[in-house]
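Q: Sharing entry_33.txt here; it has compact mmCIF, C-alpha atoms.
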# COMPACT_ATOMS: atom_id res chain seq x y z
CA MET A 1 21.04 20.39 -9.16
CA ILE A 2 19.40 19.35 -5.89
CA THR A 3 19.48 16.08 -3.95
CA VAL A 4 16.70 13.51 -3.83
CA ASP A 5 15.90 14.44 -0.23
CA GLU A 6 15.72 18.14 -1.13
CA ALA A 7 13.36 17.34 -4.02
CA LEU A 8 11.12 15.25 -1.75
CA ALA A 9 10.98 18.09 0.78
CA ILE A 10 9.82 20.49 -1.96
CA ILE A 11 7.18 18.00 -3.09
CA SER A 12 5.92 17.54 0.48
CA GLU A 13 5.52 21.29 0.95
CA ALA A 14 3.57 21.59 -2.30
CA CYS A 15 1.24 18.65 -1.70
CA ALA A 16 -1.38 19.11 1.00
CA PRO A 17 -4.46 16.85 1.25
CA GLY A 18 -7.71 18.28 -0.02
CA VAL A 19 -11.12 18.47 1.63
CA PRO A 20 -12.25 15.07 3.01
CA GLU A 21 -15.27 13.26 1.60
CA ARG A 22 -17.62 10.58 2.93
CA ILE A 23 -17.95 7.27 1.14
CA SER A 24 -19.59 3.91 1.73
CA LEU A 25 -17.46 1.35 3.54
CA ARG A 26 -17.91 -0.92 0.51
CA GLU A 27 -15.81 1.58 -1.45
CA GLY A 28 -13.18 1.88 1.29
CA PHE A 29 -10.49 -0.48 -0.01
CA HIS A 30 -7.22 1.39 -0.67
CA ARG A 31 -8.68 4.74 0.39
CA VAL A 32 -6.89 6.92 2.97
CA LEU A 33 -8.59 7.72 6.27
CA ALA A 34 -9.15 11.39 7.01
CA ARG A 35 -10.07 10.54 10.61
CA GLU A 36 -8.95 7.81 12.99
CA ILE A 37 -11.25 4.85 13.56
CA ARG A 38 -12.23 4.03 17.15
CA SER A 39 -14.17 0.97 18.19
CA ASP A 40 -17.61 1.59 19.66
CA VAL A 41 -17.81 -2.00 20.98
CA ASP A 42 -15.67 -4.58 22.71
CA TRP A 43 -14.47 -7.38 20.46
CA PRO A 44 -15.56 -10.01 21.05
CA PRO A 45 -18.64 -8.26 22.44
CA PHE A 46 -19.31 -11.16 24.86
CA ASP A 47 -17.59 -14.33 26.09
CA THR A 48 -17.88 -16.76 23.20
CA SER A 49 -16.92 -20.29 22.28
CA ALA A 50 -14.05 -20.88 19.85
CA MET A 51 -15.12 -24.47 19.19
CA ASP A 52 -18.17 -26.69 18.88
CA GLY A 53 -18.21 -28.32 22.29
CA TYR A 54 -19.41 -28.12 25.87
CA ALA A 55 -19.19 -25.18 28.28
CA VAL A 56 -17.96 -26.41 31.69
CA ARG A 57 -16.71 -25.25 35.08
CA LEU A 58 -13.17 -26.32 35.96
CA ALA A 59 -14.26 -27.58 39.41
CA ASP A 60 -16.39 -30.20 37.65
CA VAL A 61 -13.62 -31.63 35.42
CA THR A 62 -10.64 -32.11 37.72
CA VAL A 63 -9.86 -35.56 36.29
CA ALA A 64 -10.11 -37.23 32.90
CA GLY A 65 -13.33 -39.19 32.68
CA ALA A 66 -15.34 -36.71 34.75
CA ALA A 67 -19.06 -37.11 34.14
CA LEU A 68 -21.43 -34.13 33.92
CA SER A 69 -25.13 -33.78 33.27
CA GLU A 70 -26.00 -32.30 29.87
CA ARG A 71 -28.53 -29.49 29.76
CA PRO A 72 -31.08 -30.15 27.01
CA GLY A 73 -30.68 -28.20 23.75
CA LEU A 74 -27.76 -26.16 22.49
CA VAL A 75 -26.64 -22.53 22.11
CA ALA A 76 -25.75 -21.41 18.57
CA ALA A 77 -24.12 -18.26 17.23
CA GLY A 78 -26.70 -15.48 17.34
CA ASP A 79 -28.66 -16.97 20.22
CA ARG A 80 -29.19 -15.12 23.47
CA PRO A 81 -26.88 -16.20 26.31
CA ALA A 82 -28.14 -19.26 28.17
CA ALA A 83 -28.79 -19.34 31.92
CA PRO A 84 -25.65 -19.59 34.10
CA LEU A 85 -23.99 -22.96 34.52
CA ALA A 86 -25.07 -24.98 37.54
CA PRO A 87 -22.57 -27.16 39.44
CA GLY A 88 -21.94 -30.46 37.63
CA GLU A 89 -23.65 -29.24 34.45
CA ALA A 90 -22.42 -28.89 30.84
CA VAL A 91 -24.06 -26.87 28.06
CA ARG A 92 -23.66 -27.68 24.35
CA VAL A 93 -22.34 -24.57 22.52
CA MET A 94 -21.45 -23.91 18.87
CA THR A 95 -18.52 -21.90 17.56
CA GLY A 96 -19.26 -18.19 18.01
CA ALA A 97 -22.07 -18.78 20.48
CA PRO A 98 -22.28 -16.79 23.74
CA VAL A 99 -21.31 -19.06 26.65
CA PRO A 100 -23.30 -19.17 29.92
CA ASP A 101 -22.03 -17.19 32.89
CA GLY A 102 -19.69 -19.32 34.97
CA THR A 103 -18.07 -20.99 31.94
CA GLU A 104 -14.33 -21.49 32.52
CA ALA A 105 -13.50 -23.68 29.51
CA VAL A 106 -15.01 -25.32 26.44
CA VAL A 107 -14.30 -29.00 25.86
CA PRO A 108 -14.41 -29.82 22.11
CA VAL A 109 -17.16 -32.20 21.07
CA GLU A 110 -14.60 -34.71 19.78
CA GLU A 111 -13.14 -34.95 23.31
CA ILE A 112 -16.51 -35.96 24.76
CA HIS A 113 -18.42 -39.22 24.77
CA GLN A 114 -21.98 -39.66 25.95
CA GLU A 115 -23.39 -42.35 28.19
CA ALA A 116 -26.76 -42.65 29.91
CA GLY A 117 -27.73 -38.99 29.46
CA ARG A 118 -24.41 -37.72 30.70
CA ILE A 119 -21.24 -36.48 29.00
CA VAL A 120 -17.80 -37.76 29.95
CA THR A 121 -14.63 -35.75 29.24
CA ARG A 122 -11.54 -37.47 27.88
CA TYR A 123 -9.10 -34.96 29.41
CA VAL A 124 -8.83 -32.10 31.91
CA PRO A 125 -9.20 -28.72 30.17
CA ARG A 126 -7.08 -25.68 30.95
CA SER A 127 -8.52 -22.42 32.24
CA SER A 128 -10.15 -20.41 29.39
CA GLU A 129 -9.39 -23.15 26.87
CA HIS A 130 -11.32 -22.57 23.61
CA LEU A 131 -12.89 -19.43 25.09
CA ARG A 132 -12.76 -15.97 23.57
CA ARG A 133 -13.20 -13.45 26.35
CA ARG A 134 -15.09 -10.18 25.92
CA GLY A 135 -12.79 -7.39 24.73
CA GLU A 136 -9.68 -9.59 24.52
CA SER A 137 -8.98 -8.42 20.96
CA VAL A 138 -10.41 -4.88 21.00
CA ALA A 139 -11.63 -2.73 23.87
CA ALA A 140 -14.42 -0.22 23.25
CA GLY A 141 -12.98 3.25 22.68
CA SER A 142 -9.58 2.05 21.49
CA VAL A 143 -8.03 3.40 18.26
CA LEU A 144 -8.21 0.72 15.59
CA LEU A 145 -6.74 2.63 12.66
CA PRO A 146 -4.94 6.00 12.55
CA GLU A 147 -5.65 8.94 10.31
CA GLY A 148 -3.58 8.63 7.13
CA ARG A 149 -3.93 4.86 6.93
CA ARG A 150 -4.43 3.41 3.44
CA LEU A 151 -7.00 0.69 3.97
CA THR A 152 -6.26 -2.97 3.31
CA PRO A 153 -9.01 -5.60 3.07
CA ALA A 154 -8.31 -6.54 6.72
CA ASP A 155 -8.60 -2.85 7.66
CA VAL A 156 -11.99 -2.69 5.95
CA ALA A 157 -13.16 -5.66 8.02
CA LEU A 158 -11.89 -4.01 11.22
CA THR A 159 -13.63 -0.77 10.26
CA ALA A 160 -16.87 -2.68 9.76
CA LEU A 161 -16.60 -4.05 13.31
CA ALA A 162 -16.34 -0.48 14.55
CA GLY A 163 -19.48 0.52 12.66
CA ALA A 164 -17.60 3.25 10.76
CA ASP A 165 -19.90 3.39 7.75
CA PRO A 166 -19.85 5.77 5.97
CA LEU A 167 -16.13 6.48 6.07
CA GLU A 168 -14.40 9.87 6.06
CA VAL A 169 -11.50 9.72 3.61
CA HIS A 170 -9.28 12.12 1.70
CA ARG A 171 -10.26 12.82 -1.89
CA ARG A 172 -8.14 11.06 -4.47
CA PRO A 173 -6.10 13.28 -6.80
CA ARG A 174 -7.07 13.21 -10.46
CA VAL A 175 -4.17 12.43 -12.77
CA SER A 176 -3.56 12.92 -16.49
CA ILE A 177 -0.75 11.27 -18.45
CA ALA A 178 0.78 12.87 -21.55
CA VAL A 179 3.76 11.41 -23.40
CA THR A 180 5.77 13.58 -25.76
CA GLY A 181 7.78 12.76 -28.85
CA ASN A 182 7.52 12.90 -32.64
CA GLU A 183 8.79 9.32 -32.81
CA LEU A 184 5.93 7.73 -30.85
CA VAL A 185 3.10 5.65 -32.27
CA PRO A 186 0.33 3.89 -30.28
CA SER A 187 1.13 0.47 -28.87
CA ALA A 188 -1.34 -1.10 -31.32
CA GLY A 189 0.35 0.59 -34.28
CA LYS A 190 3.29 -0.59 -36.38
CA PRO A 191 6.34 1.68 -36.11
CA GLY A 192 7.72 3.08 -39.31
CA PRO A 193 11.35 4.10 -39.93
CA GLY A 194 12.66 6.07 -36.92
CA GLN A 195 9.51 5.44 -34.88
CA LEU A 196 8.86 3.68 -31.56
CA ARG A 197 5.77 2.30 -29.88
CA ASP A 198 4.71 4.27 -26.80
CA SER A 199 5.49 2.21 -23.69
CA ASN A 200 5.65 5.03 -21.14
CA GLY A 201 1.98 5.98 -21.44
CA PRO A 202 0.59 2.51 -20.66
CA MET A 203 3.21 2.04 -17.93
CA LEU A 204 2.34 5.32 -16.18
CA LEU A 205 -1.38 4.59 -16.39
CA SER A 206 -0.75 1.18 -14.83
CA LEU A 207 1.42 2.63 -12.08
CA CYS A 208 -1.29 5.14 -11.18
CA ARG A 209 -4.11 2.65 -11.26
CA GLY A 210 -2.05 0.14 -9.28
CA GLY A 211 -1.83 2.75 -6.53
CA GLY A 212 -5.59 3.35 -6.67
CA TRP A 213 -5.38 6.77 -8.36
CA CYS A 214 -7.72 7.80 -11.15
CA ALA A 215 -5.68 8.40 -14.30
CA ALA A 216 -6.56 9.38 -17.86
CA ALA A 217 -4.42 9.36 -20.99
CA ARG A 218 -4.03 12.43 -23.17
CA PRO A 219 -3.06 12.16 -26.86
CA VAL A 220 0.65 12.00 -27.68
CA VAL A 221 2.15 15.51 -27.71
CA ARG A 222 4.47 16.35 -30.59
CA ASP A 223 7.78 18.08 -29.98
CA GLU A 224 6.47 21.41 -31.25
CA GLU A 225 6.02 24.67 -29.35
CA GLY A 226 2.35 24.96 -30.23
CA ALA A 227 1.50 21.43 -29.12
CA VAL A 228 3.39 21.80 -25.82
CA ARG A 229 1.88 25.25 -25.23
CA ASP A 230 -1.62 23.85 -25.72
CA LEU A 231 -0.87 21.01 -23.28
CA PHE A 232 0.04 23.42 -20.49
CA ALA A 233 -2.75 25.87 -21.32
CA GLU A 234 -5.31 23.11 -20.68
CA ALA A 235 -3.58 21.68 -17.60
CA GLY A 236 -5.78 21.72 -14.51
CA ARG A 237 -9.15 21.56 -16.26
CA GLU A 238 -9.61 17.87 -15.63
CA GLU A 239 -6.67 16.92 -13.40
CA ASP A 240 -4.92 17.83 -10.19
CA VAL A 241 -1.62 16.35 -11.39
CA LEU A 242 -0.29 16.34 -14.95
CA ILE A 243 2.44 13.77 -15.57
CA THR A 244 4.45 14.00 -18.78
CA SER A 245 7.32 11.92 -20.10
CA GLY A 246 10.02 13.24 -22.38
CA GLY A 247 10.98 16.75 -23.39
CA VAL A 248 12.71 17.83 -20.16
CA SER A 249 16.40 17.31 -20.94
CA ALA A 250 18.77 19.74 -22.66
CA GLY A 251 18.16 19.06 -26.35
CA ASP A 252 16.75 21.39 -28.98
CA LEU A 253 13.34 19.67 -28.75
CA ASP A 254 13.17 19.50 -24.95
CA LEU A 255 10.56 22.22 -24.79
CA LEU A 256 8.52 21.44 -21.67
CA PRO A 257 10.26 23.35 -18.83
CA GLU A 258 10.34 26.63 -20.78
CA GLN A 259 6.77 26.29 -22.03
CA ALA A 260 5.57 25.39 -18.53
CA GLU A 261 7.03 28.63 -17.17
CA ARG A 262 5.57 30.65 -20.04
CA SER A 263 2.14 29.22 -19.26
CA GLY A 264 2.32 30.31 -15.63
CA PHE A 265 3.80 27.27 -13.90
CA GLU A 266 6.37 27.94 -11.23
CA VAL A 267 9.09 25.34 -11.82
CA LEU A 268 10.02 24.33 -8.27
CA PHE A 269 12.93 22.18 -9.38
CA HIS A 270 14.49 20.94 -12.61
CA ARG A 271 17.24 18.31 -12.44
CA VAL A 272 17.87 16.12 -9.42
CA ALA A 273 21.03 14.22 -8.51
CA ILE A 274 19.52 10.81 -9.21
CA ARG A 275 20.46 8.00 -11.60
CA PRO A 276 18.47 7.33 -13.71
CA GLY A 277 16.18 10.34 -14.00
CA LYS A 278 18.33 13.45 -13.56
CA PRO A 279 16.30 15.75 -15.91
CA ILE A 280 13.06 15.44 -13.88
CA ALA A 281 11.08 18.67 -13.44
CA PHE A 282 8.35 19.62 -10.98
CA GLY A 283 6.11 22.68 -11.16
CA ARG A 284 2.94 24.23 -9.81
CA ARG A 285 0.28 26.62 -11.12
CA GLY A 286 -2.37 27.35 -8.55
CA LYS A 287 -3.55 23.94 -7.34
CA THR A 288 -2.32 22.10 -10.43
CA LEU A 289 0.94 20.17 -10.21
CA TRP A 290 3.17 19.07 -13.08
CA PHE A 291 5.76 16.30 -13.10
CA GLY A 292 8.02 16.28 -16.15
CA LEU A 293 9.61 12.84 -16.23
CA PRO A 294 12.49 11.90 -18.54
CA GLY A 295 11.59 9.94 -21.66
CA ASN A 296 13.76 6.85 -21.20
CA PRO A 297 11.38 4.21 -19.81
CA VAL A 298 13.47 3.11 -16.81
CA SER A 299 14.02 6.76 -15.88
CA THR A 300 10.27 7.35 -16.16
CA SER A 301 9.50 4.41 -13.89
CA VAL A 302 12.16 5.23 -11.27
CA CYS A 303 11.05 8.87 -11.08
CA PHE A 304 7.44 7.81 -10.68
CA HIS A 305 8.29 5.46 -7.81
CA VAL A 306 10.61 7.88 -6.01
CA PHE A 307 8.89 11.23 -6.58
CA VAL A 308 5.38 10.92 -8.06
CA ARG A 309 4.22 8.27 -5.59
CA HIS A 310 5.37 10.55 -2.77
CA ALA A 311 3.29 13.40 -4.20
CA LEU A 312 0.13 11.37 -4.88
CA ASP A 313 0.28 9.80 -1.41
CA SER A 314 0.73 13.25 0.15
CA LEU A 315 -2.20 14.69 -1.80
CA GLU A 316 -4.34 11.83 -0.51
CA GLY A 317 -3.10 12.24 3.06
CA ALA A 318 -1.36 8.84 3.28
CA GLN A 319 1.20 8.47 6.06
CA PRO A 320 4.02 7.88 5.49
CA PRO A 321 3.95 8.96 1.84
CA GLY A 322 5.99 7.34 -0.90
CA PRO A 323 7.22 3.86 -1.71
CA ARG A 324 8.05 1.15 0.79
CA PHE A 325 11.73 0.50 1.51
CA VAL A 326 13.03 -2.66 3.18
CA PRO A 327 16.56 -3.67 4.22
CA ALA A 328 18.30 -6.44 2.28
CA ARG A 329 21.78 -7.92 2.10
CA LEU A 330 23.67 -7.83 -1.19
CA SER A 331 24.28 -11.22 -2.78
CA ARG A 332 27.14 -9.90 -4.89
CA ASP A 333 29.29 -6.81 -5.36
CA ILE A 334 28.01 -3.67 -7.09
CA SER A 335 30.25 -1.30 -9.00
CA ILE A 336 29.28 2.37 -8.68
CA ARG A 337 29.29 4.83 -11.57
CA GLY A 338 29.16 8.55 -10.82
CA ARG A 339 28.27 10.35 -7.61
CA ARG A 340 24.48 10.61 -7.86
CA GLU A 341 22.03 8.65 -5.72
CA THR A 342 21.38 5.57 -7.83
CA TYR A 343 18.50 3.11 -8.13
CA ARG A 344 19.47 -0.26 -9.64
CA ASP A 345 17.08 -2.87 -10.97
CA ALA A 346 17.29 -5.94 -8.75
CA LEU A 347 15.79 -9.24 -7.73
CA MET A 348 15.09 -9.72 -4.03
CA GLU A 349 14.28 -12.98 -2.26
CA THR A 350 14.05 -14.19 1.32
CA VAL A 351 16.70 -16.72 2.35
CA ASP A 352 16.79 -18.09 5.92
CA SER A 353 14.44 -15.31 7.11
CA GLU A 354 16.65 -12.57 5.62
CA ASN A 355 16.13 -10.49 2.49
CA ARG A 356 18.84 -11.05 -0.12
CA VAL A 357 19.13 -8.87 -3.20
CA ALA A 358 21.18 -8.97 -6.39
CA ALA A 359 21.46 -6.24 -9.01
CA LEU A 360 20.34 -7.18 -12.52
CA ALA A 361 22.55 -6.65 -15.53
CA SER A 362 21.23 -3.66 -17.45
CA ARG A 363 22.29 -1.76 -20.54
CA GLY A 364 20.98 1.55 -19.21
CA SER A 365 17.87 3.62 -18.72
CA HIS A 366 16.38 2.38 -22.01
CA ASP A 367 16.59 -1.30 -20.98
CA LEU A 368 12.94 -1.93 -20.25
CA ALA A 369 13.43 -5.71 -20.50
CA ALA A 370 15.78 -5.72 -17.51
CA HIS A 371 13.50 -3.37 -15.57
CA ALA A 372 10.49 -5.62 -16.19
CA ARG A 373 12.33 -8.53 -14.52
CA ALA A 374 13.03 -6.52 -11.35
CA ASN A 375 10.95 -6.75 -8.19
CA ALA A 376 12.97 -4.12 -6.32
CA LEU A 377 15.31 -1.18 -6.78
CA ILE A 378 18.54 -1.05 -4.79
CA ARG A 379 19.05 2.44 -3.39
CA ILE A 380 22.73 3.34 -3.59
CA PRO A 381 23.66 6.49 -1.64
CA ALA A 382 25.30 9.36 -3.50
CA ASP A 383 28.57 9.02 -1.61
CA ALA A 384 29.00 5.26 -2.15
CA GLU A 385 32.11 4.09 -3.99
CA HIS A 386 31.80 0.29 -4.01
CA LEU A 387 29.33 -2.05 -2.36
CA THR A 388 30.55 -5.55 -1.57
CA ALA A 389 28.54 -8.73 -1.14
CA GLY A 390 27.09 -8.89 2.36
CA THR A 391 26.50 -5.13 2.61
CA LEU A 392 23.11 -4.17 4.04
CA VAL A 393 21.24 -1.86 1.62
CA GLU A 394 17.82 -0.24 1.30
CA CYS A 395 15.51 -1.57 -1.40
CA LEU A 396 12.46 0.10 -2.89
CA ILE A 397 9.75 -2.52 -3.43
CA LEU A 398 8.25 -2.43 -6.92
Will you turn the file into structure tokens for me?

A:
Amino acid sequence: MITVDEALAIISEACAPGVPERISLREGFHRVLAREIRSDVDWPPFDTSAMDGYAVRLADVTVAGAALSERPGLVAAGDRPAAPLAPGEAVRVMTGAPVPDGTEAVVPVEEIHQEAGRIVTRYVPRSSEHLRRRGESVAAGSVLLPEGRRLTPADVALTALAGADPLEVHRRPRVSIAVTGNELVPSAGKPGPGQLRDSNGPMLLSLCRGGGWCAAARPVVRDEEGAVRDLFAEAGREEDVLITSGGVSAGDLDLLPEQAERSGFEVLFHRVAIRPGKPIAFGRRGKTLWFGLPGNPVSTSVCFHVFVRHALDSLEGAQPPGPRFVPARLSRDISIRGRRETYRDALMETVDSENRVAALASRGSHDLAAHARANALIRIPADAEHLTAGTLVECLIL
């Protein structure tokens, strides 16, 4: 049995990004850049007004109540720059408009009153007040976004400023989900004696789609050699990654690891020192990857967050791959069971600018109700014996 870090290292080695593709910027949200984005312009591209007001020179407004002559007309956003300011002159400018050369401040329109064809300022402006200077935010040629960045809406806007359309991104991995078990019926069905509704399939589809990965559901696979053999024989035809749940432990009907090997998959690991989720398996056949997740729903979810997200991010070239961890301080003690690295359902909140986290009461890896209330997982190191309130821990954000 290997450690979590050893399993992640094996996954990283097996998961290299594919050939990049070019897409429209409109489709860029949540995609991963295959090339850094550099700005081809300064931003702002010219000195511009941050307010509706009057462009002035500081030498002309040394005291409150200074009077200046108003140049006829105004300059709006999108207009060409006006002629330079003359001594004692003010020019009406709108927000986003280019200011005339010589402008040292913009006095807001509400701080101006007009009398006899002149404007009079109510206060003395500071240097560069309400001015946005050329290149103060972005200089032409600077790196805006690095390769491996998964784009947020703000990133898409920044990319648009750089004129990076179309975008070069890494291809998304295709994913198939297959749940196993003779006891499973569809979520819309009514379970009979000894049967359960399938919750893992919809959960795994949602986890994939929430991360932006294309995922498709296969029919439920019965715990029979022929059905499992057919599943692995078809793997790779329509997916880059096959994710299964169930059938990977040590029971008589846990058929997947052996059938995977018989069908040509190299099982790179089977069993990891993690709680919950120890039976997890990971294999490869050519370019097709297989994750065999345990069947208990909390185990399935934890293994997806810790291992599968790392793989799918790596296949898409995202840096760093895997879930986001943040530090938090325990609100109450945690008792430790066993020596494996453990992930506990928890609620995290921010109190006085610090993350505080408390473990939720849970009846085990089948307790989906407790897991659904969690917004984080507390990562408990393998060598921990007892964690007291006030201890700083790492939390995986769900």

Q: Hey, which of A:Ser24, A:Ser301, A:Ser206, A:Ser39 ends up closest to A:Pro146? Count only C-alpha atoms.

A: A:Ser39

Q: Counting only C-alpha atoms, which of A:Ala227, A:Leu368, A:Ala160, A:Val56 gets nearest to A:Ile112?

A: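 Smallest distance to A:Ile112 is found for A:Val56.
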
Q: I'd like the neighbourhood of A:Arg285 as a list in words, where a residue qualifies if any of its atoms comes within 7 Å (using only C-alpha atoms), though same-chain residues fewer than 3 positions away should be ignored.

A: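 Non-adjacent residues within range: Gly264, Phe265, Glu266, Thr288 and Leu289 of chain A.
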
Q: Would you mind reading off the distance between atom CA of A:Leu25 and atom CA of A:Asp40, one decimal, in Å?

A: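 About the pair atom CA of A:Leu25 and atom CA of A:Asp40: they are 16.1 Å apart.
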
Q: So what do you get for atom CA of A:Ser263 versus atom CA of A:Arg275, distance-wise?

A: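 Going from atom CA of A:Ser263 over to atom CA of A:Arg275 covers 29.1 Å.
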
Q: Expressed in Å to a single decimal, how great is the separation between atom CA of A:Val4 and atom CA of A:Ala178?

A: 23.8 Å

Q: Restricting the calculation to only C-alpha atoms, which member of A:Ser331, A:Arg80, A:His30, A:Gly247 is positioned closest to A:Gly210?

A: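 Smallest distance to A:Gly210 is found for A:His30.
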
Q: Which polymer residues have any atom within 7 Å of an atom of A:Phe291, counting all atoms listed in the file, with same-chain residues fewer than 5 positions away left out, as a PDB file with C-alpha atoms, in the coordinates of the input?

A:
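Dumped to around_12.pdb:
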ATOM      1  CA  LEU A 242      -0.290  16.340 -14.950  1.00  0.00           C
ATOM      2  CA  ILE A 243       2.440  13.770 -15.570  1.00  0.00           C
ATOM      3  CA  THR A 244       4.450  14.000 -18.780  1.00  0.00           C
ATOM      4  CA  ALA A 281      11.080  18.670 -13.440  1.00  0.00           C
ATOM      5  CA  PHE A 282       8.350  19.620 -10.980  1.00  0.00           C
ATOM      6  CA  GLY A 283       6.110  22.680 -11.160  1.00  0.00           C
TER       7      GLY A 283
END

Q: For A:Ala250, which residue among A:Pro294, A:Asp313, A:Thr3, A:Pro202 is the nearest when counting all atoms listed in the file?

A: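 Smallest distance to A:Ala250 is found for A:Pro294.
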
Q: Please supply stretch 217-224 of chain A, rebuilt with all heavy atoms, as an mmCIF file, in the frame of the given file.

A:
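The resulting result.cif:
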data_model
loop_
_atom_site.group_PDB
_atom_site.id
_atom_site.type_symbol
_atom_site.label_atom_id
_atom_site.label_comp_id
_atom_site.auth_asym_id
_atom_site.auth_seq_id
_atom_site.Cartn_x
_atom_site.Cartn_y
_atom_site.Cartn_z
ATOM 1 N N ALA A 217 -5.475 9.146 -19.998
ATOM 2 C CA ALA A 217 -4.420 9.360 -20.990
ATOM 3 C C ALA A 217 -4.807 10.489 -21.930
ATOM 4 O O ALA A 217 -5.927 10.538 -22.443
ATOM 5 C CB ALA A 217 -4.180 8.080 -21.778
ATOM 6 N N ARG A 218 -3.863 11.400 -22.152
ATOM 7 C CA ARG A 218 -4.030 12.430 -23.170
ATOM 8 C C ARG A 218 -3.390 11.937 -24.470
ATOM 9 O O ARG A 218 -2.557 11.025 -24.458
ATOM 10 C CB ARG A 218 -3.348 13.731 -22.741
ATOM 11 C CG ARG A 218 -4.096 14.484 -21.632
ATOM 12 C CD ARG A 218 -3.286 15.679 -21.201
ATOM 13 N NE ARG A 218 -4.013 16.549 -20.285
ATOM 14 C CZ ARG A 218 -4.670 17.635 -20.639
ATOM 15 N NH1 ARG A 218 -4.734 17.966 -21.924
ATOM 16 N NH2 ARG A 218 -5.280 18.382 -19.754
ATOM 17 N N PRO A 219 -3.730 12.539 -25.603
ATOM 18 C CA PRO A 219 -3.060 12.160 -26.860
ATOM 19 C C PRO A 219 -1.560 12.475 -26.797
ATOM 20 O O PRO A 219 -1.120 13.326 -26.030
ATOM 21 C CB PRO A 219 -3.761 13.045 -27.904
ATOM 22 C CG PRO A 219 -5.060 13.428 -27.285
ATOM 23 C CD PRO A 219 -4.796 13.529 -25.815
ATOM 24 N N VAL A 220 -0.790 11.744 -27.595
ATOM 25 C CA VAL A 220 0.650 12.000 -27.680
ATOM 26 C C VAL A 220 0.880 13.446 -28.100
ATOM 27 O O VAL A 220 0.206 13.978 -28.989
ATOM 28 C CB VAL A 220 1.315 11.037 -28.684
ATOM 29 C CG1 VAL A 220 2.774 11.423 -28.904
ATOM 30 C CG2 VAL A 220 1.224 9.606 -28.173
ATOM 31 N N VAL A 221 1.832 14.108 -27.429
ATOM 32 C CA VAL A 221 2.150 15.510 -27.710
ATOM 33 C C VAL A 221 3.408 15.576 -28.563
ATOM 34 O O VAL A 221 4.453 15.033 -28.187
ATOM 35 C CB VAL A 221 2.372 16.284 -26.383
ATOM 36 C CG1 VAL A 221 2.722 17.743 -26.671
ATOM 37 C CG2 VAL A 221 1.137 16.180 -25.497
ATOM 38 N N ARG A 222 3.307 16.232 -29.712
ATOM 39 C CA ARG A 222 4.470 16.350 -30.590
ATOM 40 C C ARG A 222 5.477 17.347 -30.027
ATOM 41 O O ARG A 222 5.121 18.236 -29.234
ATOM 42 C CB ARG A 222 4.030 16.782 -32.000
ATOM 43 C CG ARG A 222 3.197 15.726 -32.719
ATOM 44 C CD ARG A 222 2.932 16.133 -34.160
ATOM 45 N NE ARG A 222 4.177 16.329 -34.929
ATOM 46 C CZ ARG A 222 4.879 15.329 -35.466
ATOM 47 N NH1 ARG A 222 4.484 14.073 -35.318
ATOM 48 N NH2 ARG A 222 5.977 15.597 -36.159
ATOM 49 N N ASP A 223 6.714 17.192 -30.431
ATOM 50 C CA ASP A 223 7.780 18.080 -29.980
ATOM 51 C C ASP A 223 7.738 19.388 -30.774
ATOM 52 O O ASP A 223 8.644 19.718 -31.559
ATOM 53 C CB ASP A 223 9.150 17.398 -30.162
ATOM 54 C CG ASP A 223 9.317 16.188 -29.255
ATOM 55 O OD1 ASP A 223 8.854 16.245 -28.104
ATOM 56 O OD2 ASP A 223 9.929 15.198 -29.695
ATOM 57 N N GLU A 224 6.667 20.129 -30.567
ATOM 58 C CA GLU A 224 6.470 21.410 -31.250
ATOM 59 C C GLU A 224 5.955 22.411 -30.228
ATOM 60 O O GLU A 224 5.161 22.060 -29.340
ATOM 61 C CB GLU A 224 5.442 21.258 -32.381
ATOM 62 C CG GLU A 224 5.856 20.266 -33.458
ATOM 63 C CD GLU A 224 4.724 19.954 -34.435
ATOM 64 O OE1 GLU A 224 3.587 20.434 -34.176
ATOM 65 O OE2 GLU A 224 4.967 19.238 -35.414
#
